[in-house]
Amino acid sequence: MYLKCNNGNMARSSNAFLILLPTLALAFFAAAIGFLHSADNNEPPAAASASASVSSGTLTPEQVAAANAAVEAAKAGRGDAPNLFVAVCSQCHGEKGEGKVELKTPSIAGLPEWYSKIQIGKFRQKIRGQSPEDTNGMIMHTVAQSLDDAAIEGVTKVIADLKLVPMQNTLGGDPDKGEVIFRERCMECHRYNGRGEMAFHSAHLIGLQDWYIISQLRKFRGGVRGSIPADVDGGKMHRITETMKDEQFIDVAAYVAVLAEKYADEKPRRRRPYQRLVDEAEADTKPAPEADAK
Ligand code: HEC
Ligand code: HEC
């Protein structure tokens, strides 16, 4: 039995997958929708257990079972990245990695390898998704815990190769106001093109969805993400968003959608992908030799 993968490769699947796959697909939907509801009510969630499985007071037995099933599927898929993507990641992030608003999952299609490697590592070490208030982050924490280094190495290559879906302005923000905010407060780290910068570990923004960007900015502002000492990079975002309002988040996301339209096809080179951008930025800040001579 073979599973057809996104990139057209055929990968051998184990028997465990055959049983898990259909169950997983359904369970994930039920679980993720349940998670969203639990995130909406204001009951203080019980602390998540420190073990590999999720056992939080806010989760139903079905949700716990689904999250654990993801862990099992992830283990079964080890060493075969396209298969792992299809069996595990695509269940929540979509078959093209495009993300799903109903499951609150970001588009991961085209995320640079270095960025997703850092983030999956943070989820795995509970530096991200550690707060009991962050139910969506906790889901990804559970998945990441089941991945070893080789699996992360492989699967981040697979998602980097998926076609980036440029961000759309769906929330009606004002891109002109957003541009001012972006230039003053965001561009130094996320670059003129919103593609992030490996040297700063700053996120690649233009393939994300606007609602996801806003949800993350709110999490940073509230300290749900980026407030523990181990999260040095998240801490930067916490300080930047602390004084910002929702309206500014929506406007800045609208401007990122403008950048997405402009720069989505500017495919970074596969090896040392950001070096050219770094070089260009440096060249910009240096006075031209002719100017010196005058
Ligand atoms: C059970 C659902 C689920 C599965 C399965 C899942 N994810 Fe996620 N993932 C999420 C959610 C929800 C988030 C958003 C977390 C947040 O809000 O901070 C996320 C976030 C991420 C992020 C962070 C993106 C960013 O822009 O910071 C990456 C990278 C990621 N997932 C990769 C993967 C990979 C690779 C797999 C497969 C091995 C996978 N996910 C499987 C639910 C899932
Ligand atoms: C000092 C550098 C810096 C500045 C300035 C900055 N960021 Fe960030 N940003 C980062 C870093 C580093 C990360 C990655 C954080 C992490 O590892 O969790 C990040 C992450 C993010 C994320 C999370 C993306 C994801 O995939 O989950 C969003 C959204 C974001 N920044 C938007 C903004 C916006 C909007 C501004 C301006 C208002 C801004 N940032 C200003 C450095 C910066």
# chains A, B, ... in the order shown; residues from 1 in each chain; ligands from 1
>>> residues_around(residues="segment 213-226 of chain A", least_positions_apart="2", cutoff="10 Å", atoms="only C-alpha atoms", output="PDB file with N, CA and C atoms, in the first residue's frame")
ATOM      1  N   LYS A 104      -7.473  27.105  13.441  1.00  0.00           N
ATOM      2  CA  LYS A 104      -6.522  28.114  13.941  1.00  0.00           C
ATOM      3  C   LYS A 104      -5.072  27.743  13.631  1.00  0.00           C
ATOM      4  N   PRO A 106      -1.663  28.128  11.282  1.00  0.00           N
ATOM      5  CA  PRO A 106      -1.038  29.026  10.310  1.00  0.00           C
ATOM      6  C   PRO A 106      -0.712  28.307   9.008  1.00  0.00           C
ATOM      7  N   ILE A 127       9.099  26.170  25.070  1.00  0.00           N
ATOM      8  CA  ILE A 127       9.428  27.595  25.170  1.00  0.00           C
ATOM      9  C   ILE A 127       8.313  28.379  24.477  1.00  0.00           C
ATOM     10  N   ARG A 128       7.662  27.722  23.551  1.00  0.00           N
ATOM     11  CA  ARG A 128       6.449  28.266  22.931  1.00  0.00           C
ATOM     12  C   ARG A 128       5.334  27.231  23.142  1.00  0.00           C
ATOM     13  N   GLY A 129       4.113  27.721  23.416  1.00  0.00           N
ATOM     14  CA  GLY A 129       3.001  26.783  23.648  1.00  0.00           C
ATOM     15  C   GLY A 129       3.033  26.222  25.042  1.00  0.00           C
ATOM     16  N   GLN A 130       3.747  26.912  25.935  1.00  0.00           N
ATOM     17  CA  GLN A 130       3.885  26.413  27.307  1.00  0.00           C
ATOM     18  C   GLN A 130       2.798  26.954  28.219  1.00  0.00           C
ATOM     19  N   SER A 131       2.167  28.073  27.810  1.00  0.00           N
ATOM     20  CA  SER A 131       1.180  28.688  28.699  1.00  0.00           C
ATOM     21  C   SER A 131      -0.146  27.933  28.627  1.00  0.00           C
ATOM     22  N   PRO A 132      -0.751  27.643  29.772  1.00  0.00           N
ATOM     23  CA  PRO A 132      -2.057  26.958  29.752  1.00  0.00           C
ATOM     24  C   PRO A 132      -3.124  27.785  29.046  1.00  0.00           C
ATOM     25  N   GLU A 133      -2.901  29.094  28.914  1.00  0.00           N
ATOM     26  CA  GLU A 133      -3.867  29.926  28.183  1.00  0.00           C
ATOM     27  C   GLU A 133      -3.725  29.758  26.673  1.00  0.00           C
ATOM     28  N   ASP A 134      -2.611  29.194  26.253  1.00  0.00           N
ATOM     29  CA  ASP A 134      -2.309  29.090  24.819  1.00  0.00           C
ATOM     30  C   ASP A 134      -2.692  27.703  24.308  1.00  0.00           C
ATOM     31  N   GLY A 137      -1.236  26.806  20.903  1.00  0.00           N
ATOM     32  CA  GLY A 137       0.190  26.524  21.018  1.00  0.00           C
ATOM     33  C   GLY A 137       0.444  25.179  21.679  1.00  0.00           C
ATOM     34  N   MET A 167      -0.163  36.353   1.806  1.00  0.00           N
ATOM     35  CA  MET A 167      -1.180  36.842   2.726  1.00  0.00           C
ATOM     36  C   MET A 167      -2.191  37.736   2.025  1.00  0.00           C
ATOM     37  N   LEU A 205       6.891  36.699   7.430  1.00  0.00           N
ATOM     38  CA  LEU A 205       5.489  37.070   7.672  1.00  0.00           C
ATOM     39  C   LEU A 205       4.573  36.950   6.460  1.00  0.00           C
ATOM     40  N   ILE A 206       5.103  37.086   5.242  1.00  0.00           N
ATOM     41  CA  ILE A 206       4.201  37.326   4.107  1.00  0.00           C
ATOM     42  C   ILE A 206       3.371  36.116   3.665  1.00  0.00           C
ATOM     43  N   LEU A 208       1.849  34.134   5.971  1.00  0.00           N
ATOM     44  CA  LEU A 208       0.909  33.825   7.058  1.00  0.00           C
ATOM     45  C   LEU A 208      -0.460  34.431   6.738  1.00  0.00           C
ATOM     46  N   GLN A 209      -1.478  34.084   7.519  1.00  0.00           N
ATOM     47  CA  GLN A 209      -2.784  34.715   7.319  1.00  0.00           C
ATOM     48  C   GLN A 209      -2.878  35.917   8.251  1.00  0.00           C
ATOM     49  N   ASP A 210      -3.710  36.910   7.843  1.00  0.00           N
ATOM     50  CA  ASP A 210      -3.790  38.124   8.680  1.00  0.00           C
ATOM     51  C   ASP A 210      -4.350  37.829  10.075  1.00  0.00           C
ATOM     52  N   TRP A 211      -5.375  36.971  10.157  1.00  0.00           N
ATOM     53  CA  TRP A 211      -5.959  36.660  11.482  1.00  0.00           C
ATOM     54  C   TRP A 211      -4.916  35.963  12.364  1.00  0.00           C
ATOM     55  N   ILE A 228       8.469  34.082  28.852  1.00  0.00           N
ATOM     56  CA  ILE A 228       9.337  33.335  29.777  1.00  0.00           C
ATOM     57  C   ILE A 228      10.798  33.641  29.444  1.00  0.00           C
ATOM     58  N   PRO A 229      11.675  33.630  30.462  1.00  0.00           N
ATOM     59  CA  PRO A 229      13.063  34.061  30.245  1.00  0.00           C
ATOM     60  C   PRO A 229      13.775  33.289  29.131  1.00  0.00           C
ATOM     61  N   ALA A 230      13.443  32.007  28.951  1.00  0.00           N
ATOM     62  CA  ALA A 230      14.122  31.211  27.926  1.00  0.00           C
ATOM     63  C   ALA A 230      13.781  31.699  26.519  1.00  0.00           C
ATOM     64  N   ASP A 231      12.695  32.460  26.399  1.00  0.00           N
ATOM     65  CA  ASP A 231      12.253  32.885  25.069  1.00  0.00           C
ATOM     66  C   ASP A 231      12.771  34.298  24.768  1.00  0.00           C
ATOM     67  N   VAL A 232      14.050  34.379  24.472  1.00  0.00           N
ATOM     68  CA  VAL A 232      14.695  35.673  24.241  1.00  0.00           C
ATOM     69  C   VAL A 232      14.078  36.379  23.030  1.00  0.00           C
ATOM     70  N   ASP A 233      13.905  35.645  21.928  1.00  0.00           N
ATOM     71  CA  ASP A 233      13.364  36.269  20.718  1.00  0.00           C
ATOM     72  C   ASP A 233      11.901  36.662  20.904  1.00  0.00           C
ATOM     73  N   GLY A 234      11.127  35.788  21.543  1.00  0.00           N
ATOM     74  CA  GLY A 234       9.727  36.111  21.813  1.00  0.00           C
ATOM     75  C   GLY A 234       9.624  37.337  22.716  1.00  0.00           C
ATOM     76  N   GLY A 235      10.586  37.489  23.610  1.00  0.00           N
ATOM     77  CA  GLY A 235      10.611  38.638  24.524  1.00  0.00           C
ATOM     78  C   GLY A 235      10.704  39.956  23.775  1.00  0.00           C
ATOM     79  N   LYS A 236      11.434  39.947  22.655  1.00  0.00           N
ATOM     80  CA  LYS A 236      11.528  41.176  21.848  1.00  0.00           C
ATOM     81  C   LYS A 236      10.136  41.550  21.348  1.00  0.00           C
ATOM     82  N   MET A 237       9.416  40.559  20.868  1.00  0.00           N
ATOM     83  CA  MET A 237       8.070  40.827  20.352  1.00  0.00           C
ATOM     84  C   MET A 237       7.126  41.250  21.471  1.00  0.00           C
ATOM     85  N   HIS A 238       7.345  40.702  22.653  1.00  0.00           N
ATOM     86  CA  HIS A 238       6.503  41.089  23.796  1.00  0.00           C
ATOM     87  C   HIS A 238       6.676  42.587  24.064  1.00  0.00           C
ATOM     88  N   ARG A 239       7.925  43.049  24.082  1.00  0.00           N
ATOM     89  CA  ARG A 239       8.177  44.469  24.377  1.00  0.00           C
ATOM     90  C   ARG A 239       7.623  45.385  23.289  1.00  0.00           C
ATOM     91  N   ILE A 240       7.734  44.927  22.017  1.00  0.00           N
ATOM     92  CA  ILE A 240       7.264  45.769  20.916  1.00  0.00           C
ATOM     93  C   ILE A 240       5.741  45.912  20.925  1.00  0.00           C
ATOM     94  N   THR A 241       5.038  44.840  21.269  1.00  0.00           N
ATOM     95  CA  THR A 241       3.568  44.861  21.178  1.00  0.00           C
ATOM     96  C   THR A 241       2.895  45.384  22.438  1.00  0.00           C
ATOM     97  N   GLU A 242       3.632  45.447  23.532  1.00  0.00           N
ATOM     98  CA  GLU A 242       3.058  45.819  24.835  1.00  0.00           C
ATOM     99  C   GLU A 242       2.168  47.063  24.789  1.00  0.00           C
ATOM    100  N   THR A 243       2.630  48.080  24.016  1.00  0.00           N
ATOM    101  CA  THR A 243       1.907  49.349  24.009  1.00  0.00           C
ATOM    102  C   THR A 243       1.006  49.492  22.771  1.00  0.00           C
ATOM    103  N   MET A 244       0.868  48.432  22.002  1.00  0.00           N
ATOM    104  CA  MET A 244       0.105  48.569  20.752  1.00  0.00           C
ATOM    105  C   MET A 244      -1.360  48.180  20.931  1.00  0.00           C
ATOM    106  N   LYS A 245      -2.200  48.735  20.041  1.00  0.00           N
ATOM    107  CA  LYS A 245      -3.640  48.449  20.091  1.00  0.00           C
ATOM    108  C   LYS A 245      -4.022  47.482  18.968  1.00  0.00           C
ATOM    109  N   ASP A 246      -5.154  46.786  19.163  1.00  0.00           N
ATOM    110  CA  ASP A 246      -5.655  45.850  18.157  1.00  0.00           C
ATOM    111  C   ASP A 246      -5.755  46.494  16.772  1.00  0.00           C
ATOM    112  N   GLU A 247      -6.224  47.736  16.742  1.00  0.00           N
ATOM    113  CA  GLU A 247      -6.413  48.431  15.473  1.00  0.00           C
ATOM    114  C   GLU A 247      -5.077  48.524  14.708  1.00  0.00           C
ATOM    115  N   GLN A 248      -4.007  48.792  15.458  1.00  0.00           N
ATOM    116  CA  GLN A 248      -2.686  48.873  14.821  1.00  0.00           C
ATOM    117  C   GLN A 248      -2.257  47.498  14.296  1.00  0.00           C
ATOM    118  N   PHE A 249      -2.593  46.453  15.040  1.00  0.00           N
ATOM    119  CA  PHE A 249      -2.271  45.089  14.583  1.00  0.00           C
ATOM    120  C   PHE A 249      -2.953  44.822  13.234  1.00  0.00           C
ATOM    121  N   ILE A 250      -4.239  45.229  13.150  1.00  0.00           N
ATOM    122  CA  ILE A 250      -5.012  44.948  11.930  1.00  0.00           C
ATOM    123  C   ILE A 250      -4.454  45.756  10.747  1.00  0.00           C
ATOM    124  N   ASP A 251      -4.082  47.003  11.010  1.00  0.00           N
ATOM    125  CA  ASP A 251      -3.518  47.837   9.939  1.00  0.00           C
ATOM    126  C   ASP A 251      -2.165  47.301   9.474  1.00  0.00           C
ATOM    127  N   VAL A 252      -1.339  46.889  10.411  1.00  0.00           N
ATOM    128  CA  VAL A 252      -0.015  46.414  10.023  1.00  0.00           C
ATOM    129  C   VAL A 252      -0.140  45.107   9.230  1.00  0.00           C
ATOM    130  N   ALA A 253      -1.109  44.274   9.609  1.00  0.00           N
ATOM    131  CA  ALA A 253      -1.332  43.028   8.854  1.00  0.00           C
ATOM    132  C   ALA A 253      -1.768  43.370   7.424  1.00  0.00           C
ATOM    133  N   VAL A 256       1.261  44.077   5.516  1.00  0.00           N
ATOM    134  CA  VAL A 256       2.015  42.856   5.201  1.00  0.00           C
ATOM    135  C   VAL A 256       1.405  42.175   3.965  1.00  0.00           C
TER     136      VAL A 256
END
>>> residues_around(residues="Gly207 of chain A", least_positions_apart="2", cutoff="12 Å", atoms="only C-alpha atoms", output="PyMOL selection string")
chain A and resi 97-99+106-112+160+162-169+193-196+203-205+209-210+212-213+253+256-265
>>> select_by_dssp(residues="segment 89-289 of chain A", states="helix (DSSP H, G or I)", output="PyMOL selection string")
chain A and resi 89-93+101-103+113-124+135-145+149-161+175-190+198-200+210-222+232-241+246-263+275-285+289
>>> write_last_selection(atoms="C-alpha atoms", output="mmCIF file, in the first residue's frame")
data_model
loop_
_atom_site.group_PDB
_atom_site.id
_atom_site.type_symbol
_atom_site.label_atom_id
_atom_site.label_comp_id
_atom_site.auth_asym_id
_atom_site.auth_seq_id
_atom_site.Cartn_x
_atom_site.Cartn_y
_atom_site.Cartn_z
ATOM 1 C CA CYS A 89 1.021 17.938 9.575
ATOM 2 C CA SER A 90 -1.491 18.165 6.731
ATOM 3 C CA GLN A 91 -4.299 16.985 9.014
ATOM 4 C CA CYS A 92 -4.206 20.348 10.751
ATOM 5 C CA HIS A 93 -2.238 22.624 8.418
ATOM 6 C CA VAL A 101 -8.894 29.225 9.995
ATOM 7 C CA GLU A 102 -11.337 26.787 11.598
ATOM 8 C CA LEU A 103 -8.449 24.911 13.201
ATOM 9 C CA GLU A 113 13.693 25.941 6.948
ATOM 10 C CA TRP A 114 15.648 27.897 9.554
ATOM 11 C CA TYR A 115 12.510 29.584 10.885
ATOM 12 C CA SER A 116 10.311 26.517 11.177
ATOM 13 C CA LYS A 117 13.198 24.559 12.694
ATOM 14 C CA ILE A 118 13.569 27.172 15.436
ATOM 15 C CA GLN A 119 9.840 27.319 16.102
ATOM 16 C CA ILE A 120 9.270 23.559 16.157
ATOM 17 C CA GLY A 121 12.272 23.323 18.492
ATOM 18 C CA LYS A 122 10.681 25.933 20.761
ATOM 19 C CA PHE A 123 7.377 24.078 20.794
ATOM 20 C CA ARG A 124 9.238 20.855 21.582
ATOM 21 C CA THR A 135 -4.449 26.112 23.842
ATOM 22 C CA ASN A 136 -3.479 26.324 20.157
ATOM 23 C CA GLY A 137 0.190 26.524 21.018
ATOM 24 C CA MET A 138 -0.259 23.535 23.320
ATOM 25 C CA ILE A 139 -1.584 21.460 20.427
ATOM 26 C CA MET A 140 1.560 22.157 18.431
ATOM 27 C CA HIS A 141 3.688 21.535 21.526
ATOM 28 C CA THR A 142 2.211 18.043 21.753
ATOM 29 C CA VAL A 143 2.916 17.342 18.097
ATOM 30 C CA ALA A 144 6.471 18.712 18.313
ATOM 31 C CA GLN A 145 7.297 16.574 21.329
ATOM 32 C CA ASP A 149 15.831 15.889 15.268
ATOM 33 C CA ALA A 150 15.867 13.856 12.045
ATOM 34 C CA ALA A 151 12.101 14.195 11.625
ATOM 35 C CA ILE A 152 12.288 17.972 12.135
ATOM 36 C CA GLU A 153 15.204 18.229 9.712
ATOM 37 C CA GLY A 154 13.236 16.336 7.046
ATOM 38 C CA VAL A 155 9.809 17.846 7.484
ATOM 39 C CA THR A 156 11.050 21.469 7.542
ATOM 40 C CA LYS A 157 12.566 20.841 4.086
ATOM 41 C CA VAL A 158 9.224 19.513 2.877
ATOM 42 C CA ILE A 159 7.307 22.577 4.076
ATOM 43 C CA ALA A 160 9.936 24.989 2.720
ATOM 44 C CA ASP A 161 9.301 23.464 -0.722
ATOM 45 C CA PRO A 175 -2.538 49.389 4.573
ATOM 46 C CA ASP A 176 -1.414 53.044 4.501
ATOM 47 C CA LYS A 177 -1.566 53.381 8.266
ATOM 48 C CA GLY A 178 -0.039 49.909 8.474
ATOM 49 C CA GLU A 179 2.894 50.966 6.319
ATOM 50 C CA VAL A 180 3.813 53.756 8.739
ATOM 51 C CA ILE A 181 3.731 51.334 11.673
ATOM 52 C CA PHE A 182 5.685 48.702 9.775
ATOM 53 C CA ARG A 183 8.428 51.096 8.725
ATOM 54 C CA GLU A 184 8.792 52.562 12.197
ATOM 55 C CA ARG A 185 8.468 49.476 14.342
ATOM 56 C CA CYS A 186 8.813 46.241 12.404
ATOM 57 C CA MET A 187 10.989 46.630 9.329
ATOM 58 C CA GLU A 188 14.344 46.747 11.096
ATOM 59 C CA CYS A 189 13.897 43.086 12.019
ATOM 60 C CA HIS A 190 11.353 41.707 9.529
ATOM 61 C CA MET A 198 17.848 34.511 9.630
ATOM 62 C CA ALA A 199 20.445 36.502 11.575
ATOM 63 C CA PHE A 200 17.719 38.014 13.802
ATOM 64 C CA ASP A 210 -3.790 38.124 8.680
ATOM 65 C CA TRP A 211 -5.959 36.660 11.482
ATOM 66 C CA TYR A 212 -3.013 34.463 12.539
ATOM 67 C CA ILE A 213 -0.600 37.415 12.653
ATOM 68 C CA ILE A 214 -3.081 39.315 14.811
ATOM 69 C CA SER A 215 -3.628 36.341 17.117
ATOM 70 C CA GLN A 216 0.132 36.043 17.627
ATOM 71 C CA LEU A 217 0.556 39.784 18.230
ATOM 72 C CA ARG A 218 -2.153 39.563 20.884
ATOM 73 C CA LYS A 219 -0.430 36.591 22.465
ATOM 74 C CA PHE A 220 2.877 38.472 22.548
ATOM 75 C CA ARG A 221 1.190 41.558 24.014
ATOM 76 C CA GLY A 222 -0.533 39.539 26.745
ATOM 77 C CA VAL A 232 14.695 35.673 24.241
ATOM 78 C CA ASP A 233 13.364 36.269 20.718
ATOM 79 C CA GLY A 234 9.727 36.111 21.813
ATOM 80 C CA GLY A 235 10.611 38.638 24.524
ATOM 81 C CA LYS A 236 11.528 41.176 21.848
ATOM 82 C CA MET A 237 8.070 40.827 20.352
ATOM 83 C CA HIS A 238 6.503 41.089 23.796
ATOM 84 C CA ARG A 239 8.177 44.469 24.377
ATOM 85 C CA ILE A 240 7.264 45.769 20.916
ATOM 86 C CA THR A 241 3.568 44.861 21.178
ATOM 87 C CA ASP A 246 -5.655 45.850 18.157
ATOM 88 C CA GLU A 247 -6.413 48.431 15.473
ATOM 89 C CA GLN A 248 -2.686 48.873 14.821
ATOM 90 C CA PHE A 249 -2.271 45.089 14.583
ATOM 91 C CA ILE A 250 -5.012 44.948 11.930
ATOM 92 C CA ASP A 251 -3.518 47.837 9.939
ATOM 93 C CA VAL A 252 -0.015 46.414 10.023
ATOM 94 C CA ALA A 253 -1.332 43.028 8.854
ATOM 95 C CA ALA A 254 -3.038 44.839 5.952
ATOM 96 C CA TYR A 255 0.343 46.268 4.950
ATOM 97 C CA VAL A 256 2.015 42.856 5.201
ATOM 98 C CA ALA A 257 -0.576 41.726 2.626
ATOM 99 C CA VAL A 258 0.715 44.486 0.309
ATOM 100 C CA LEU A 259 4.270 43.209 0.810
ATOM 101 C CA ALA A 260 3.035 39.677 0.131
ATOM 102 C CA GLU A 261 1.656 40.703 -3.242
ATOM 103 C CA LYS A 262 4.940 42.392 -4.099
ATOM 104 C CA TYR A 263 7.481 39.900 -2.826
ATOM 105 C CA GLN A 275 22.585 36.113 2.183
ATOM 106 C CA ARG A 276 21.622 38.088 -0.896
ATOM 107 C CA LEU A 277 19.138 40.155 1.096
ATOM 108 C CA VAL A 278 21.709 40.757 3.813
ATOM 109 C CA ASP A 279 24.244 41.837 1.209
ATOM 110 C CA GLU A 280 21.721 44.178 -0.422
ATOM 111 C CA ALA A 281 20.774 45.717 2.896
ATOM 112 C CA GLU A 282 24.419 46.302 3.748
ATOM 113 C CA ALA A 283 25.096 47.836 0.352
ATOM 114 C CA ASP A 284 22.145 50.204 0.954
ATOM 115 C CA THR A 285 23.557 51.541 4.188
ATOM 116 C CA PRO A 289 32.116 55.120 -3.479
#
>>> atom_distance(atom1="atom 38 (C, counted along the ligand's line) of ligand 1", atom2="atom CA of Ser202 of chain A")
21.3 Å
>>> closest_residue(among="A:Asp174, A:Asp80, A:Glu197, A:Asp148", to="ligand 2", atoms="only C-alpha atoms and all ligand atoms")
A:Glu197
>>> select_by_dssp(residues="segment 88-281 of chain A", states="strand (DSSP E or B)", output="PyMOL selection string")
chain A and resi 100+105+197+202
>>> atom_distance(atom1="atom 4 (C, counted along the ligand's line) of ligand 1", atom2="atom CA of Glu266 of chain A")
28.1 Å
>>> closest_residue(among="A:Ser146, A:Lys96, A:Gln125, A:Tyr192", to="ligand 1", atoms="only C-alpha atoms and all ligand atoms")
A:Ser146
>>> closest_residue(among="A:Thr170, A:Ser227, A:Asn83, A:Thr105", to="ligand 1", atoms="only C-alpha atoms and all ligand atoms")
A:Thr105
>>> atom_distance(atom1="atom 25 (C, counted along the ligand's line) of ligand 1", atom2="atom CA of Arg191 of chain A")
17.0 Å
>>> closest_residue(among="A:Leu147, A:Lys126, A:Pro82, A:Gly172", to="ligand 2", atoms="only C-alpha atoms and all ligand atoms")
A:Lys126
>>> closest_residue(among="A:Leu171, A:Glu95, A:Leu84, A:Glu72", to="ligand 1", atoms="only C-alpha atoms and all ligand atoms")
A:Leu84
